[in-house]
file model_14.cif (mmCIF, C-alpha atoms; chains and numbers go by the auth columns)
data_run
loop_
_atom_site.group_PDB
_atom_site.id
_atom_site.type_symbol
_atom_site.label_atom_id
_atom_site.label_comp_id
_atom_site.label_asym_id
_atom_site.label_seq_id
_atom_site.Cartn_x
_atom_site.Cartn_y
_atom_site.Cartn_z
_atom_site.B_iso_or_equiv
_atom_site.auth_seq_id
_atom_site.auth_asym_id
ATOM 1 C CA MET A 1 -16.201 7.069 -15.955 0.00 1 A
ATOM 2 C CA GLY A 2 -15.961 3.332 -15.352 0.00 2 A
ATOM 3 C CA ALA A 3 -18.535 2.087 -17.847 0.00 3 A
ATOM 4 C CA LYS A 4 -17.682 -0.635 -20.308 0.00 4 A
ATOM 5 C CA GLY A 5 -15.921 0.588 -23.405 0.00 5 A
ATOM 6 C CA GLN A 6 -14.539 3.691 -21.697 0.00 6 A
ATOM 7 C CA THR A 7 -11.054 3.974 -20.314 0.00 7 A
ATOM 8 C CA TYR A 8 -10.515 5.562 -16.949 0.00 8 A
ATOM 9 C CA LYS A 9 -7.628 8.013 -16.841 0.00 9 A
ATOM 10 C CA GLY A 10 -7.349 8.380 -13.051 0.00 10 A
ATOM 11 C CA ARG A 11 -5.257 10.819 -11.068 0.00 11 A
ATOM 12 C CA TRP A 12 -1.687 11.527 -12.063 0.00 12 A
ATOM 13 C CA GLN A 13 -0.520 9.872 -8.801 0.00 13 A
ATOM 14 C CA ASP A 14 -1.976 6.585 -10.065 0.00 14 A
ATOM 15 C CA GLN A 15 0.079 6.554 -13.265 0.00 15 A
ATOM 16 C CA TRP A 16 3.086 4.227 -13.466 0.00 16 A
ATOM 17 C CA TRP A 17 5.526 7.022 -14.250 0.00 17 A
ATOM 18 C CA ALA A 18 4.428 9.042 -11.195 0.00 18 A
ATOM 19 C CA VAL A 19 4.895 6.046 -8.911 0.00 19 A
ATOM 20 C CA GLY A 20 8.351 5.379 -10.372 0.00 20 A
ATOM 21 C CA LEU A 21 9.405 9.029 -10.215 0.00 21 A
ATOM 22 C CA LEU A 22 8.271 9.388 -6.598 0.00 22 A
ATOM 23 C CA ALA A 23 10.126 6.216 -5.601 0.00 23 A
ATOM 24 C CA LEU A 24 13.240 7.427 -7.427 0.00 24 A
ATOM 25 C CA VAL A 25 13.221 10.851 -5.756 0.00 25 A
ATOM 26 C CA ILE A 26 12.690 9.391 -2.280 0.00 26 A
ATOM 27 C CA LEU A 27 15.357 6.718 -2.697 0.00 27 A
ATOM 28 C CA VAL A 28 17.956 9.115 -4.063 0.00 28 A
ATOM 29 C CA ALA A 29 17.192 11.696 -1.365 0.00 29 A
ATOM 30 C CA VAL A 30 17.538 9.138 1.429 0.00 30 A
ATOM 31 C CA ARG A 31 20.776 7.686 0.045 0.00 31 A
ATOM 32 C CA VAL A 32 22.310 11.142 -0.464 0.00 32 A
ATOM 33 C CA ALA A 33 21.213 12.196 3.035 0.00 33 A
ATOM 34 C CA LEU A 34 22.807 9.101 4.568 0.00 34 A
ATOM 35 C CA ASN A 35 25.972 8.908 2.452 0.00 35 A
ATOM 36 C CA GLY A 36 26.618 12.512 1.470 0.00 36 A
ATOM 37 C CA TRP A 37 26.690 14.289 -1.892 0.00 37 A
ATOM 38 C CA SER A 38 29.642 12.310 -3.120 0.00 38 A
ATOM 39 C CA ALA A 39 27.430 9.211 -3.337 0.00 39 A
ATOM 40 C CA TRP A 40 24.899 10.719 -5.770 0.00 40 A
ATOM 41 C CA PRO A 41 25.924 8.638 -8.839 0.00 41 A
ATOM 42 C CA ALA A 42 25.537 5.347 -6.984 0.00 42 A
ATOM 43 C CA ALA A 43 22.342 6.595 -5.366 0.00 43 A
ATOM 44 C CA LEU A 44 20.929 7.536 -8.767 0.00 44 A
ATOM 45 C CA VAL A 45 21.806 4.204 -10.393 0.00 45 A
ATOM 46 C CA GLY A 46 20.517 2.188 -7.434 0.00 46 A
ATOM 47 C CA GLY A 47 17.427 4.375 -7.254 0.00 47 A
ATOM 48 C CA VAL A 48 16.605 3.847 -10.942 0.00 48 A
ATOM 49 C CA VAL A 49 16.923 0.076 -10.580 0.00 49 A
ATOM 50 C CA TYR A 50 14.888 -0.099 -7.385 0.00 50 A
ATOM 51 C CA ALA A 51 12.250 2.391 -8.575 0.00 51 A
ATOM 52 C CA GLY A 52 11.842 0.392 -11.790 0.00 52 A
ATOM 53 C CA PHE A 53 11.403 -2.822 -9.815 0.00 53 A
ATOM 54 C CA LEU A 54 8.980 -1.206 -7.365 0.00 54 A
ATOM 55 C CA THR A 55 6.924 0.269 -10.208 0.00 55 A
ATOM 56 C CA TRP A 56 6.799 -3.064 -12.022 0.00 56 A
ATOM 57 C CA LEU A 57 5.716 -4.825 -8.813 0.00 57 A
ATOM 58 C CA LEU A 58 2.977 -2.282 -8.091 0.00 58 A
ATOM 59 C CA MET A 59 1.594 -2.373 -11.643 0.00 59 A
ATOM 60 C CA ARG A 60 1.631 -6.178 -11.624 0.00 60 A
ATOM 61 C CA ARG A 61 -0.342 -6.199 -8.375 0.00 61 A
ATOM 62 C CA ARG A 62 -2.794 -3.679 -9.808 0.00 62 A
ATOM 63 C CA ARG A 63 -3.366 -5.817 -12.921 0.00 63 A
ATOM 64 C CA ARG A 64 -3.912 -8.945 -10.821 0.00 64 A
ATOM 65 C CA ASP A 65 -6.355 -7.161 -8.516 0.00 65 A
ATOM 66 C CA ALA A 66 -8.271 -5.752 -11.476 0.00 66 A
ATOM 67 C CA LYS A 67 -8.537 -9.164 -13.086 0.00 67 A
ATOM 68 C CA ALA A 68 -9.675 -10.768 -9.811 0.00 68 A
ATOM 69 C CA VAL A 69 -12.385 -8.183 -9.078 0.00 69 A
ATOM 70 C CA GLY A 70 -13.566 -7.621 -12.641 0.00 70 A
ATOM 71 C CA THR A 71 -12.540 -4.055 -13.378 0.00 71 A
ATOM 72 C CA GLU A 72 -9.792 -2.308 -15.301 0.00 72 A
ATOM 73 C CA PRO A 73 -6.373 -1.734 -13.692 0.00 73 A
ATOM 74 C CA ALA A 74 -6.753 2.046 -13.797 0.00 74 A
ATOM 75 C CA ARG A 75 -9.851 1.811 -11.542 0.00 75 A
ATOM 76 C CA VAL A 76 -8.172 -0.121 -8.718 0.00 76 A
ATOM 77 C CA PRO A 77 -6.420 2.883 -7.080 0.00 77 A
ATOM 78 C CA GLU A 78 -9.656 4.892 -7.072 0.00 78 A
ATOM 79 C CA LEU A 79 -11.553 2.013 -5.464 0.00 79 A
ATOM 80 C CA GLU A 80 -8.779 1.605 -2.889 0.00 80 A
ATOM 81 C CA ARG A 81 -8.856 5.326 -2.163 0.00 81 A
ATOM 82 C CA ARG A 82 -12.615 5.219 -1.607 0.00 82 A
ATOM 83 C CA ILE A 83 -12.213 2.278 0.747 0.00 83 A
ATOM 84 C CA ALA A 84 -9.330 3.828 2.691 0.00 84 A
ATOM 85 C CA LYS A 85 -10.996 7.228 3.036 0.00 85 A
ATOM 86 C CA ASN A 86 -14.380 5.669 3.873 0.00 86 A
ATOM 87 C CA GLY A 87 -15.717 7.745 1.007 0.00 87 A
ATOM 88 C CA GLU A 88 -18.833 7.632 -1.076 0.00 88 A
ATOM 89 C CA MET A 89 -20.049 4.454 -2.640 0.00 89 A
ATOM 90 C CA PRO A 90 -20.025 4.130 -6.406 0.00 90 A
ATOM 91 C CA ASP A 91 -23.397 4.660 -8.073 0.00 91 A
ATOM 92 C CA ASP A 92 -22.834 1.907 -10.607 0.00 92 A
ATOM 93 C CA PRO A 93 -23.919 -1.513 -9.235 0.00 93 A
ATOM 94 C CA ALA A 94 -21.121 -3.224 -11.181 0.00 94 A
ATOM 95 C CA GLU A 95 -18.561 -0.948 -9.484 0.00 95 A
ATOM 96 C CA GLN A 96 -20.148 -1.614 -6.098 0.00 96 A
ATOM 97 C CA GLU A 97 -19.777 -5.328 -6.739 0.00 97 A
ATOM 98 C CA ALA A 98 -16.150 -4.832 -7.838 0.00 98 A
ATOM 99 C CA MET A 99 -15.494 -2.816 -4.679 0.00 99 A
ATOM 100 C CA VAL A 100 -16.925 -5.587 -2.486 0.00 100 A
ATOM 101 C CA ARG A 101 -14.746 -8.151 -4.267 0.00 101 A
ATOM 102 C CA LEU A 102 -11.692 -5.905 -3.800 0.00 102 A
ATOM 103 C CA ILE A 103 -12.492 -5.480 -0.104 0.00 103 A
ATOM 104 C CA ARG A 104 -12.856 -9.222 0.344 0.00 104 A
ATOM 105 C CA ARG A 105 -9.582 -9.770 -1.496 0.00 105 A
ATOM 106 C CA ARG A 106 -7.766 -7.258 0.738 0.00 106 A
ATOM 107 C CA GLU A 107 -9.295 -8.726 3.889 0.00 107 A
ATOM 108 C CA GLU A 108 -8.173 -12.215 2.907 0.00 108 A
ATOM 109 C CA LYS A 109 -4.641 -11.000 2.130 0.00 109 A
ATOM 110 C CA LEU A 110 -4.444 -9.159 5.443 0.00 110 A
ATOM 111 C CA ARG A 111 -5.666 -12.199 7.370 0.00 111 A
ATOM 112 C CA ARG A 112 -3.230 -14.484 5.571 0.00 112 A
ATOM 113 C CA ASN A 113 -0.185 -12.198 5.812 0.00 113 A
ATOM 114 C CA GLN A 114 -0.546 -10.758 9.294 0.00 114 A
ATOM 115 C CA ARG A 115 0.316 -14.149 10.777 0.00 115 A
ATOM 116 C CA TRP A 116 3.902 -13.776 9.629 0.00 116 A
ATOM 117 C CA ALA A 117 4.282 -10.078 8.756 0.00 117 A
ATOM 118 C CA PHE A 118 3.800 -8.510 12.183 0.00 118 A
ATOM 119 C CA PRO A 119 6.068 -10.986 14.015 0.00 119 A
ATOM 120 C CA LEU A 120 8.746 -10.504 11.346 0.00 120 A
ATOM 121 C CA LEU A 121 8.460 -6.704 11.531 0.00 121 A
ATOM 122 C CA GLY A 122 8.595 -6.948 15.330 0.00 122 A
ATOM 123 C CA LEU A 123 11.729 -9.056 15.140 0.00 123 A
ATOM 124 C CA ILE A 124 13.368 -6.614 12.750 0.00 124 A
ATOM 125 C CA PHE A 125 12.380 -3.311 14.362 0.00 125 A
ATOM 126 C CA LEU A 126 12.539 -4.441 17.973 0.00 126 A
ATOM 127 C CA GLY A 127 15.324 -7.039 17.669 0.00 127 A
ATOM 128 C CA VAL A 128 17.894 -5.065 15.680 0.00 128 A
ATOM 129 C CA PRO A 129 18.382 -2.453 18.448 0.00 129 A
ATOM 130 C CA PHE A 130 19.739 -5.206 20.668 0.00 130 A
ATOM 131 C CA LEU A 131 22.591 -5.629 18.195 0.00 131 A
ATOM 132 C CA GLY A 132 23.432 -1.991 18.907 0.00 132 A
ATOM 133 C CA PHE A 133 23.313 -2.656 22.641 0.00 133 A
ATOM 134 C CA ALA A 134 25.441 -5.791 22.230 0.00 134 A
ATOM 135 C CA SER A 135 28.074 -3.874 20.279 0.00 135 A
ATOM 136 C CA GLY A 136 28.272 -1.270 23.049 0.00 136 A
ATOM 137 C CA ASN A 137 26.568 1.555 21.132 0.00 137 A
ATOM 138 C CA VAL A 138 23.796 2.300 23.638 0.00 138 A
ATOM 139 C CA SER A 139 22.694 5.609 22.095 0.00 139 A
ATOM 140 C CA SER A 140 22.232 4.013 18.679 0.00 140 A
ATOM 141 C CA GLY A 141 20.397 1.069 20.238 0.00 141 A
ATOM 142 C CA LEU A 142 18.050 3.394 22.137 0.00 142 A
ATOM 143 C CA MET A 143 17.373 5.463 19.035 0.00 143 A
ATOM 144 C CA MET A 144 16.595 2.347 16.964 0.00 144 A
ATOM 145 C CA LEU A 145 14.447 0.934 19.768 0.00 145 A
ATOM 146 C CA GLY A 146 12.444 4.186 19.995 0.00 146 A
ATOM 147 C CA PHE A 147 11.939 4.199 16.236 0.00 147 A
ATOM 148 C CA GLY A 148 10.972 0.505 16.277 0.00 148 A
ATOM 149 C CA VAL A 149 8.382 0.939 19.029 0.00 149 A
ATOM 150 C CA ALA A 150 6.899 4.000 17.302 0.00 150 A
ATOM 151 C CA PHE A 151 6.844 2.301 13.889 0.00 151 A
ATOM 152 C CA MET A 152 5.288 -0.926 15.186 0.00 152 A
ATOM 153 C CA GLY A 153 2.665 1.037 17.116 0.00 153 A
ATOM 154 C CA TRP A 154 1.822 3.022 14.005 0.00 154 A
ATOM 155 C CA MET A 155 1.637 -0.154 11.868 0.00 155 A
ATOM 156 C CA ILE A 156 -0.739 -1.865 14.305 0.00 156 A
ATOM 157 C CA TRP A 157 -2.944 1.233 14.553 0.00 157 A
ATOM 158 C CA PHE A 158 -2.975 1.724 10.765 0.00 158 A
ATOM 159 C CA ASN A 159 -3.797 -1.941 10.128 0.00 159 A
ATOM 160 C CA ARG A 160 -6.706 -1.942 12.590 0.00 160 A
ATOM 161 C CA ARG A 161 -8.083 1.311 11.187 0.00 161 A
ATOM 162 C CA PHE A 162 -7.874 0.018 7.616 0.00 162 A
ATOM 163 C CA VAL A 163 -9.583 -3.263 8.555 0.00 163 A
ATOM 164 C CA ARG A 164 -12.402 -1.348 10.286 0.00 164 A
ATOM 165 C CA ARG A 165 -12.865 0.920 7.276 0.00 165 A
ATOM 166 C CA MET A 166 -12.959 -1.991 4.854 0.00 166 A
ATOM 167 C CA ALA A 167 -15.554 -3.794 6.972 0.00 167 A
ATOM 168 C CA ALA A 168 -17.673 -0.645 7.289 0.00 168 A
ATOM 169 C CA MET A 169 -17.554 0.029 3.539 0.00 169 A
ATOM 170 C CA ARG A 170 -18.407 -3.592 2.721 0.00 170 A
ATOM 171 C CA GLN A 171 -21.373 -3.490 5.114 0.00 171 A
ATOM 172 C CA ARG A 172 -22.591 -0.205 3.615 0.00 172 A
ATOM 173 C CA ILE A 173 -22.438 -1.594 0.089 0.00 173 A
ATOM 174 C CA GLU A 174 -23.889 -4.976 0.986 0.00 174 A
ATOM 175 C CA GLY A 175 -26.649 -3.260 2.920 0.00 175 A
ATOM 176 C CA VAL A 176 -27.522 -1.113 -0.090 0.00 176 A
ATOM 177 C CA GLY A 177 -26.996 -3.549 -2.953 0.00 177 A
ATOM 178 C CA GLY A 178 -27.343 -6.831 -1.118 0.00 178 A
ATOM 179 C CA TYR A 179 -24.202 -8.383 -2.647 0.00 179 A
ATOM 180 C CA ALA A 180 -23.362 -11.426 -0.583 0.00 180 A
#
call {"tool": "encode", "arguments": {"input": "model_14.cif", "output": "structure tokens"}}
result
Amino acid sequence: MGAKGQTYKGRWQDQWWAVGLLALVILVAVRVALNGWSAWPAALVGGVVYAGFLTWLLMRRRRRDAKAVGTEPARVPELERRIAKNGEMPDDPAEQEAMVRLIRRREEKLRRNQRWAFPLLGLIFLGVPFLGFASGNVSSGLMMLGFGVAFMGWMIWFNRRFVRRMAAMRQRIEGVGGYA
């Protein structure tokens, strides 16, 4: 499965074309829903460009993570899935070590980025509704404010849950294998 010399195929959702296709479908659907059917050519062109960029960015991140933790890029999504779902630990000690390195890498990125990311998201999702209020569109401002509060609450809850799961998985692996 993840032994040296073998390539890991992974789930179809982890393939670059599936990521790009999903991004394309979502982007086109949202743009058509917001702008109507007459905007489908522009939505398709914009969706292809953005989906291509998003796919390139995701694959680049996957390659960098794989290089940093010492595994192949196709293994990174499976390790992330195991961490996020608080699933079973890998049997292979090399994979356990790679998982610990990936967890430490994610924890460091979260610590480094949450200093600016949450305040910026708060400013965007809780500050933009006041532009609606200032322009006199109270119903739009209230709707955006409700969405912003719900989204920020969900983001904080999701972040805390993910951090707890990463710490629990790292402790389970370090307790078993003793990787410090």
call {"tool": "closest_residue", "arguments": {"input": "model_14.cif", "among": "A:Leu57, A:Leu34, A:Val149, A:Leu121", "to": "Trp16 (chain A)", "atoms": "all atoms listed in the file"}}
result
A:Leu57
call {"tool": "closest_residue", "arguments": {"input": "model_14.cif", "among": "A:Gly46, A:Pro41, A:Pro77, A:Pro119", "to": "Arg11 (chain A)", "atoms": "all atoms listed in the file"}}
result
A:Pro77
call {"tool": "closest_atom_pairs", "arguments": {"input": "model_14.cif", "of": "region 44-152 of chain A", "to": "region 157-172 of chain A", "cutoff": "10 Å", "atoms": "all atoms listed in the file", "output": "CSV"}}
result
residue,atom,partner,partner_atom,distance
A:Glu80,CA,A:Met166,CA,9.5
A:Arg82,CA,A:Met169,CA,8.8
A:Ile83,CA,A:Met166,CA,6.0
A:Ala84,CA,A:Phe162,CA,6.4
A:Lys85,CA,A:Arg165,CA,7.8
A:Asn86,CA,A:Arg165,CA,6.0
A:Gly87,CA,A:Met169,CA,8.3
A:Glu88,CA,A:Met169,CA,9.0
A:Met89,CA,A:Met169,CA,8.0
A:Gln96,CA,A:Arg170,CA,9.2
A:Glu97,CA,A:Arg170,CA,9.7
A:Met99,CA,A:Arg170,CA,8.0
A:Val100,CA,A:Arg170,CA,5.8
A:Arg101,CA,A:Arg170,CA,9.1
A:Leu102,CA,A:Met166,CA,9.6
A:Ile103,CA,A:Met166,CA,6.1
A:Arg104,CA,A:Arg170,CA,8.3
A:Arg106,CA,A:Met166,CA,8.5
A:Glu107,CA,A:Val163,CA,7.2
A:Leu110,CA,A:Val163,CA,8.4
A:Arg111,CA,A:Val163,CA,9.8
A:Gln114,CA,A:Asn159,CA,9.4
A:Phe151,CA,A:Trp157,CA,9.9
A:Met152,CA,A:Trp157,CA,8.5
call {"tool": "resolve_selection", "arguments": {"input": "model_14.cif", "expression": "the PyMOL selection byres ((chain A and resi 50-54) around 12)", "output": "VMD selection string"}}
result
chain A and resid 16 to 28 42 to 49 55 to 61
call {"tool": "resolve_selection", "arguments": {"input": "model_14.cif", "expression": "the PyMOL selection byres ((chain A and resi 123-130) around 10)", "output": "list in words"}}
result
Ala117, Phe118, Pro119, Leu120, Leu121, Gly122, Leu131, Gly132, Phe133, Ala134, Ser135, Gly136, Asn137, Val138, Ser139, Ser140, Gly141, Leu142, Met143, Met144, Leu145, Gly146, Phe147, Gly148, Val149, Ala150, Phe151 and Met152 of chain A
call {"tool": "axis_aligned_box", "arguments": {"input": "model_14.cif", "around": "region 158-167 of chain A", "padding_each_side": "8 Å", "output": "JSON"}}
result
{"center_x": -9.3, "center_y": -1.0, "center_z": 8.7, "size_x": 28.6, "size_y": 21.5, "size_z": 23.7}
call {"tool": "closest_residue", "arguments": {"input": "model_14.cif", "among": "A:Asp14, A:Arg112, A:Trp154, A:Glu174", "to": "Arg75 (chain A)", "atoms": "only C-alpha atoms"}}
result
A:Asp14
call {"tool": "atom_distance", "arguments": {"input": "model_14.cif", "atom1": "CA of Gln15 (chain A)", "atom2": "CA of Ala74 (chain A)"}}
result
8.2 Å
call {"tool": "atom_distance", "arguments": {"input": "model_14.cif", "atom1": "CA of Val30 (chain A)", "atom2": "CA of Trp12 (chain A)"}}
result
23.6 Å
call {"tool": "closest_residue", "arguments": {"input": "model_14.cif", "among": "A:Glu108, A:Gln13, A:Asp92, A:Ala98", "to": "Gly70 (chain A)", "atoms": "all atoms listed in the file"}}
result
A:Ala98
call {"tool": "atom_distance", "arguments": {"input": "model_14.cif", "atom1": "CA of Arg62 (chain A)", "atom2": "CA of Pro90 (chain A)"}}
result
19.2 Å
call {"tool": "build_atoms", "arguments": {"input": "model_14.cif", "residues": "region 74-85 of chain A", "atoms": "all heavy atoms", "output": "mmCIF file, keeping the file's coordinate frame"}}
result
data_model
loop_
_atom_site.group_PDB
_atom_site.id
_atom_site.type_symbol
_atom_site.label_atom_id
_atom_site.label_comp_id
_atom_site.auth_asym_id
_atom_site.auth_seq_id
_atom_site.Cartn_x
_atom_site.Cartn_y
_atom_site.Cartn_z
ATOM 1 N N ALA A 74 -6.770 0.623 -14.137
ATOM 2 C CA ALA A 74 -6.753 2.046 -13.797
ATOM 3 C C ALA A 74 -7.792 2.395 -12.735
ATOM 4 O O ALA A 74 -7.669 3.429 -12.068
ATOM 5 C CB ALA A 74 -6.996 2.890 -15.046
ATOM 6 N N ARG A 75 -8.798 1.557 -12.529
ATOM 7 C CA ARG A 75 -9.851 1.811 -11.542
ATOM 8 C C ARG A 75 -9.451 1.369 -10.138
ATOM 9 O O ARG A 75 -10.024 1.850 -9.156
ATOM 10 C CB ARG A 75 -11.144 1.093 -11.937
ATOM 11 C CG ARG A 75 -11.817 1.623 -13.156
ATOM 12 C CD ARG A 75 -12.379 3.017 -13.001
ATOM 13 N NE ARG A 75 -13.359 3.075 -11.952
ATOM 14 C CZ ARG A 75 -13.598 4.172 -11.229
ATOM 15 N NH1 ARG A 75 -12.935 5.269 -11.455
ATOM 16 N NH2 ARG A 75 -14.502 4.152 -10.279
ATOM 17 N N VAL A 76 -8.525 0.444 -10.020
ATOM 18 C CA VAL A 76 -8.172 -0.121 -8.718
ATOM 19 C C VAL A 76 -7.714 0.945 -7.722
ATOM 20 O O VAL A 76 -8.194 0.954 -6.584
ATOM 21 C CB VAL A 76 -7.127 -1.257 -8.876
ATOM 22 C CG1 VAL A 76 -6.606 -1.726 -7.529
ATOM 23 C CG2 VAL A 76 -7.734 -2.417 -9.638
ATOM 24 N N PRO A 77 -6.822 1.884 -8.072
ATOM 25 C CA PRO A 77 -6.420 2.883 -7.080
ATOM 26 C C PRO A 77 -7.577 3.753 -6.597
ATOM 27 O O PRO A 77 -7.639 4.099 -5.417
ATOM 28 C CB PRO A 77 -5.387 3.745 -7.817
ATOM 29 C CG PRO A 77 -4.924 2.921 -8.937
ATOM 30 C CD PRO A 77 -6.051 2.029 -9.304
ATOM 31 N N GLU A 78 -8.509 4.079 -7.490
ATOM 32 C CA GLU A 78 -9.656 4.892 -7.072
ATOM 33 C C GLU A 78 -10.539 4.113 -6.107
ATOM 34 O O GLU A 78 -11.020 4.667 -5.112
ATOM 35 C CB GLU A 78 -10.467 5.328 -8.290
ATOM 36 C CG GLU A 78 -11.677 6.157 -7.953
ATOM 37 C CD GLU A 78 -11.372 7.477 -7.267
ATOM 38 O OE1 GLU A 78 -10.285 8.047 -7.497
ATOM 39 O OE2 GLU A 78 -12.228 7.943 -6.480
ATOM 40 N N LEU A 79 -10.763 2.833 -6.384
ATOM 41 C CA LEU A 79 -11.553 2.013 -5.464
ATOM 42 C C LEU A 79 -10.845 1.889 -4.117
ATOM 43 O O LEU A 79 -11.477 1.988 -3.062
ATOM 44 C CB LEU A 79 -11.808 0.631 -6.073
ATOM 45 C CG LEU A 79 -12.715 0.580 -7.297
ATOM 46 C CD1 LEU A 79 -12.774 -0.831 -7.862
ATOM 47 C CD2 LEU A 79 -14.100 1.097 -6.992
ATOM 48 N N GLU A 80 -9.546 1.684 -4.135
ATOM 49 C CA GLU A 80 -8.779 1.605 -2.889
ATOM 50 C C GLU A 80 -8.849 2.902 -2.105
ATOM 51 O O GLU A 80 -8.970 2.895 -0.882
ATOM 52 C CB GLU A 80 -7.320 1.262 -3.188
ATOM 53 C CG GLU A 80 -7.101 -0.160 -3.592
ATOM 54 C CD GLU A 80 -5.660 -0.447 -3.938
ATOM 55 O OE1 GLU A 80 -4.930 0.481 -4.367
ATOM 56 O OE2 GLU A 80 -5.248 -1.605 -3.795
ATOM 57 N N ARG A 81 -8.782 4.021 -2.821
ATOM 58 C CA ARG A 81 -8.856 5.326 -2.163
ATOM 59 C C ARG A 81 -10.215 5.510 -1.505
ATOM 60 O O ARG A 81 -10.315 6.003 -0.391
ATOM 61 C CB ARG A 81 -8.584 6.424 -3.193
ATOM 62 C CG ARG A 81 -8.056 7.684 -2.609
ATOM 63 C CD ARG A 81 -7.624 8.738 -3.611
ATOM 64 N NE ARG A 81 -7.698 8.466 -5.014
ATOM 65 C CZ ARG A 81 -6.697 7.980 -5.769
ATOM 66 N NH1 ARG A 81 -5.550 7.692 -5.205
ATOM 67 N NH2 ARG A 81 -6.843 7.794 -7.051
ATOM 68 N N ARG A 82 -11.271 5.113 -2.183
ATOM 69 C CA ARG A 82 -12.615 5.219 -1.607
ATOM 70 C C ARG A 82 -12.746 4.345 -0.368
ATOM 71 O O ARG A 82 -13.390 4.735 0.601
ATOM 72 C CB ARG A 82 -13.673 4.814 -2.625
ATOM 73 C CG ARG A 82 -13.915 5.854 -3.671
ATOM 74 C CD ARG A 82 -14.991 5.414 -4.610
ATOM 75 N NE ARG A 82 -15.289 6.450 -5.577
ATOM 76 C CZ ARG A 82 -16.296 6.388 -6.417
ATOM 77 N NH1 ARG A 82 -17.107 5.349 -6.426
ATOM 78 N NH2 ARG A 82 -16.497 7.371 -7.260
ATOM 79 N N ILE A 83 -12.159 3.172 -0.406
ATOM 80 C CA ILE A 83 -12.213 2.278 0.747
ATOM 81 C C ILE A 83 -11.422 2.877 1.908
ATOM 82 O O ILE A 83 -11.905 2.951 3.036
ATOM 83 C CB ILE A 83 -11.652 0.885 0.389
ATOM 84 C CG1 ILE A 83 -12.555 0.189 -0.620
ATOM 85 C CG2 ILE A 83 -11.496 0.031 1.647
ATOM 86 C CD1 ILE A 83 -11.915 -1.024 -1.272
ATOM 87 N N ALA A 84 -10.207 3.314 1.637
ATOM 88 C CA ALA A 84 -9.330 3.828 2.691
ATOM 89 C C ALA A 84 -9.862 5.110 3.321
ATOM 90 O O ALA A 84 -9.717 5.327 4.516
ATOM 91 C CB ALA A 84 -7.929 4.072 2.140
ATOM 92 N N LYS A 85 -10.491 5.958 2.521
ATOM 93 C CA LYS A 85 -10.996 7.228 3.036
ATOM 94 C C LYS A 85 -12.429 7.109 3.547
ATOM 95 O O LYS A 85 -13.005 8.086 3.978
ATOM 96 C CB LYS A 85 -10.955 8.306 1.938
ATOM 97 C CG LYS A 85 -9.587 8.560 1.380
ATOM 98 C CD LYS A 85 -8.728 9.281 2.365
ATOM 99 C CE LYS A 85 -7.427 9.642 1.687
ATOM 100 N NZ LYS A 85 -6.352 9.834 2.591
#
